[in-house]
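Visitor: This one is model_23.json, JSON, C-alpha atoms.
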[["chain", "number", "residue", "atom", "x", "y", "z"],
["A", 1, "MET", "CA", 114.93, 86.14, 160.64],
["A", 2, "ALA", "CA", 118.72, 85.74, 160.43],
["A", 3, "PRO", "CA", 120.37, 83.64, 163.11],
["A", 4, "THR", "CA", 122.20, 85.49, 165.84],
["A", 5, "LYS", "CA", 125.73, 84.65, 166.92],
["A", 6, "LYS", "CA", 124.39, 82.79, 169.93],
["A", 7, "ASP", "CA", 122.16, 80.59, 167.75],
["A", 8, "ALA", "CA", 124.92, 79.87, 165.24],
["A", 9, "LYS", "CA", 127.46, 78.77, 167.86],
["A", 10, "ASP", "CA", 125.20, 76.36, 169.74],
["A", 11, "GLY", "CA", 125.66, 73.40, 167.37],
["A", 12, "GLU", "CA", 129.15, 74.20, 166.06],
["A", 13, "LYS", "CA", 131.34, 73.89, 169.15],
["A", 14, "GLU", "CA", 134.66, 72.44, 167.97],
["A", 15, "ALA", "CA", 137.16, 70.88, 170.36],
["A", 16, "LYS", "CA", 140.44, 72.77, 170.73],
["A", 17, "LEU", "CA", 143.47, 71.18, 169.14],
["A", 18, "THR", "CA", 146.49, 70.28, 171.23],
["A", 19, "PRO", "CA", 149.84, 71.77, 170.19],
["A", 20, "GLU", "CA", 150.90, 68.38, 168.80],
["A", 21, "GLN", "CA", 147.72, 68.10, 166.74],
["A", 22, "SER", "CA", 148.14, 71.68, 165.51],
["A", 23, "ALA", "CA", 151.76, 71.02, 164.49],
["A", 24, "ALA", "CA", 150.72, 67.85, 162.66],
["A", 25, "LEU", "CA", 147.91, 69.74, 160.92],
["A", 26, "ILE", "CA", 150.28, 72.51, 159.80],
["A", 27, "LEU", "CA", 152.94, 70.06, 158.61],
["A", 28, "ASP", "CA", 150.36, 68.02, 156.71],
["A", 29, "TYR", "CA", 148.95, 71.19, 155.12],
["A", 30, "LEU", "CA", 152.39, 72.36, 153.99],
["A", 31, "ARG", "CA", 153.17, 68.94, 152.50],
["A", 32, "LYS", "CA", 149.85, 68.74, 150.64],
["A", 33, "GLN", "CA", 150.08, 72.27, 149.23],
["A", 34, "ASN", "CA", 153.83, 72.03, 148.45],
["A", 35, "ARG", "CA", 154.31, 75.77, 148.34],
["A", 36, "PRO", "CA", 155.57, 78.41, 150.76],
["A", 37, "TYR", "CA", 153.24, 80.12, 153.24],
["A", 38, "SER", "CA", 153.60, 82.58, 156.10],
["A", 39, "ALA", "CA", 152.03, 82.02, 159.53],
["A", 40, "THR", "CA", 149.20, 84.42, 158.66],
["A", 41, "ASP", "CA", 148.40, 82.58, 155.43],
["A", 42, "ILE", "CA", 148.42, 79.18, 157.13],
["A", 43, "SER", "CA", 146.12, 80.37, 159.91],
["A", 44, "ALA", "CA", 143.69, 81.88, 157.41],
["A", 45, "ASN", "CA", 143.76, 78.88, 155.06],
["A", 46, "LEU", "CA", 143.09, 76.49, 157.94],
["A", 47, "LYS", "CA", 140.04, 78.62, 158.79],
["A", 48, "ASN", "CA", 141.54, 79.72, 162.14],
["A", 49, "ARG", "CA", 141.62, 76.17, 163.57],
["A", 50, "VAL", "CA", 145.14, 77.26, 164.52],
["A", 51, "THR", "CA", 145.47, 80.88, 165.62],
["A", 52, "LYS", "CA", 147.99, 83.19, 163.98],
["A", 53, "ALA", "CA", 150.14, 83.38, 167.13],
["A", 54, "ALA", "CA", 150.07, 79.60, 167.63],
["A", 55, "ALA", "CA", 150.88, 79.04, 163.95],
["A", 56, "ALA", "CA", 153.89, 81.36, 164.17],
["A", 57, "LYS", "CA", 155.18, 79.59, 167.29],
["A", 58, "LEU", "CA", 154.61, 76.10, 165.89],
["A", 59, "LEU", "CA", 156.23, 76.99, 162.56],
["A", 60, "LYS", "CA", 159.26, 78.33, 164.39],
["A", 61, "ASP", "CA", 159.47, 75.12, 166.44],
["A", 62, "LEU", "CA", 159.14, 72.94, 163.33],
["A", 63, "HIS", "CA", 161.86, 74.99, 161.66],
["A", 64, "GLU", "CA", 164.19, 74.60, 164.65],
["A", 65, "ARG", "CA", 163.62, 70.81, 164.58],
["A", 66, "LYS", "CA", 164.48, 70.91, 160.84],
["A", 67, "GLU", "CA", 161.13, 69.44, 159.78],
["A", 68, "ILE", "CA", 160.42, 72.46, 157.54],
["A", 69, "GLU", "CA", 162.49, 75.22, 155.98],
["A", 70, "GLY", "CA", 161.95, 78.94, 156.57],
["A", 71, "ARG", "CA", 163.21, 81.99, 154.70],
["A", 72, "ALA", "CA", 162.93, 85.66, 155.50],
["A", 73, "ALA", "CA", 160.81, 87.58, 153.01],
["A", 74, "GLY", "CA", 160.71, 91.20, 154.09],
["A", 75, "LYS", "CA", 159.29, 91.49, 157.60],
["A", 76, "GLN", "CA", 157.90, 87.97, 157.72],
["A", 77, "ILE", "CA", 159.23, 84.44, 157.45],
["A", 78, "VAL", "CA", 157.89, 82.17, 154.74],
["A", 79, "TYR", "CA", 157.91, 78.43, 155.49],
["A", 80, "HIS", "CA", 157.90, 75.44, 153.15],
["A", 81, "THR", "CA", 158.50, 71.70, 153.42],
["A", 82, "LEU", "CA", 161.89, 70.21, 152.89],
["A", 83, "GLN", "CA", 162.38, 69.13, 149.31],
["A", 84, "VAL", "CA", 163.87, 65.69, 148.74],
["A", 85, "SER", "CA", 166.90, 65.71, 146.50],
["A", 86, "CYS", "CA", 166.24, 64.05, 143.16],
["A", 87, "PHE", "CA", 169.86, 62.83, 143.07],
["A", 88, "HIS", "CA", 169.06, 60.34, 145.83],
["A", 89, "TYR", "CA", 166.29, 58.76, 143.74],
["A", 90, "LEU", "CA", 168.37, 58.97, 140.58],
["A", 91, "ASN", "CA", 171.21, 57.07, 142.26],
["A", 92, "GLU", "CA", 168.82, 54.37, 143.55],
["A", 93, "SER", "CA", 167.18, 54.01, 140.13],
["A", 94, "LEU", "CA", 170.53, 53.76, 138.39],
["A", 95, "THR", "CA", 171.69, 51.08, 140.83],
["A", 96, "CYS", "CA", 168.50, 49.06, 140.27],
["A", 97, "MET", "CA", 168.85, 49.33, 136.48],
["A", 98, "LEU", "CA", 172.47, 48.17, 136.64],
["A", 99, "ILE", "CA", 171.51, 45.16, 138.79],
["A", 100, "VAL", "CA", 168.67, 44.23, 136.42],
["A", 101, "ALA", "CA", 170.91, 44.67, 133.37],
["A", 102, "ALA", "CA", 173.62, 42.54, 134.95],
["A", 103, "GLY", "CA", 171.07, 39.80, 135.71],
["A", 104, "ARG", "CA", 169.78, 39.77, 132.13],
["A", 105, "SER", "CA", 173.20, 39.66, 130.50],
["A", 106, "ARG", "CA", 174.10, 36.39, 132.26]]
Rewrite the coordinates I just gave you, this time as structure tokens.

Guide:
Amino acid sequence: MAPTKKDAKDGEKEAKLTPEQSAALILDYLRKQNRPYSATDISANLKNRVTKAAAAKLLKDLHERKEIEGRAAGKQIVYHTLQVSCFHYLNESLTCMLIVAAGRSR
């Protein structure tokens, strides 16, 4: 006989996440995936550990704190992580190479 909803939920009671834990989970997910997602997609991909409404609110808060970037796409907002400029790393690498080259030429 197939298990009923009552039987299935007895052993699988998960603790609710705090807003800080939910925000950290969403930010970590966006960084790992490195692609844009809407609040609905994030909620579904996290298997509803964060509800759609909570995801939308947390994403908006993260965007206001400039931890992620958001862009309007039709009726919804699509969020993605901030991309680090490659010019920063290029400048650091060039500086290191010049220092090493100067040390070798002496």

Visitor: I want to know what sits within 9 Å of Ala55 of chain A, based on all atoms listed in the file, with residues of the same chain fewer than 2 positions away left out; could you give that as a PyMOL selection string?

Guide: chain A and resi 22-23+26+39-40+42-43+50-53+57-60

Visitor: Export, as a CSV table (one decimal), in the coordinates of the input, the selected residues with C-alpha atoms.

Guide:
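This went into result_37.csv:
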chain,number,residue,atom,x,y,z
A,22,SER,CA,148.1,71.7,165.5
A,23,ALA,CA,151.8,71.0,164.5
A,26,ILE,CA,150.3,72.5,159.8
A,39,ALA,CA,152.0,82.0,159.5
A,40,THR,CA,149.2,84.4,158.7
A,42,ILE,CA,148.4,79.2,157.1
A,43,SER,CA,146.1,80.4,159.9
A,50,VAL,CA,145.1,77.3,164.5
A,51,THR,CA,145.5,80.9,165.6
A,52,LYS,CA,148.0,83.2,164.0
A,53,ALA,CA,150.1,83.4,167.1
A,57,LYS,CA,155.2,79.6,167.3
A,58,LEU,CA,154.6,76.1,165.9
A,59,LEU,CA,156.2,77.0,162.6
A,60,LYS,CA,159.3,78.3,164.4

Visitor: Return the single residue from A:Ala44, A:Leu17, A:Met97, A:Leu30 that is closest to Glu67 of chain A, with distances computed using only C-alpha atoms.

Guide: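 Of A:Ala44, A:Leu17, A:Met97, A:Leu30, the one nearest Glu67 of chain A is A:Leu30, counting only C-alpha atoms.
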
Visitor: In terms of the shortest atom-to-atom distance over all atoms listed in the file, which of A:His80, A:Arg65, A:Lys47, A:Arg71 is closest to Asn34 of chain A?

Guide: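 Counting all atoms listed in the file, the residue closest to Asn34 of chain A is A:His80.
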
Visitor: Could you give me the centre and size, in Å to one decimal, of an axis-aligned box around all listed atoms of segment 95-106 of chain A with 5 Å added on every side, as lines of an AutoDock Vina configuration file?

Guide:
center_x = 171.3
center_y = 43.7
center_z = 135.7
size_x = 15.6
size_y = 24.7
size_z = 20.3

Visitor: Would you work out the distance separating atom CA of Leu62 of chain A from atom CA of Lys16 of chain A, expressed in Å to one decimal?

Guide: 20.1 Å

Visitor: In Å to one decimal, how far is atom CA of Gln76 of chain A from atom CA of Leu25 of chain A?

Guide: 21.0 Å

Visitor: Using all atoms listed in the file, determine which residues lie at most 9 Å from Pro36 of chain A, disregarding the query and same-chain residues fewer than 3 positions distant; provide the list as a PyMOL selection string.

Guide: chain A and resi 30+33+70+78-81

Visitor: Could you please determine the separation between atom CA of Ile68 of chain A and atom CA of Ser93 of chain A in Å, to one decimal place?

Guide: 26.3 Å

Visitor: With distances taken over only C-alpha atoms, which residue among A:His63, A:Glu20, A:Cys96, A:Ile77 lies nearest Ser38 of chain A?

Guide: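 Of all the options, A:Ile77 lies closest to Ser38 of chain A.
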
Visitor: Return the single residue from A:Leu98, A:Arg35, A:Ala15, A:Ala24 that is closest to Glu69 of chain A, with distances computed using only C-alpha atoms.

Guide: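 Closest to Glu69 of chain A of all the choices is A:Arg35.
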
Visitor: Ranking A:Leu82, A:Tyr29, A:Val100, A:Lys66 by minimum distance to Asn45 of chain A and counting all atoms listed in the file, which one comes first?

Guide: A:Tyr29

Visitor: Between A:Arg49, A:Leu94, A:Glu64, A:Tyr37, which one has atoms that come closest to Thr18 of chain A, using all atoms listed in the file?

Guide: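 Smallest distance to Thr18 of chain A is found for A:Arg49.
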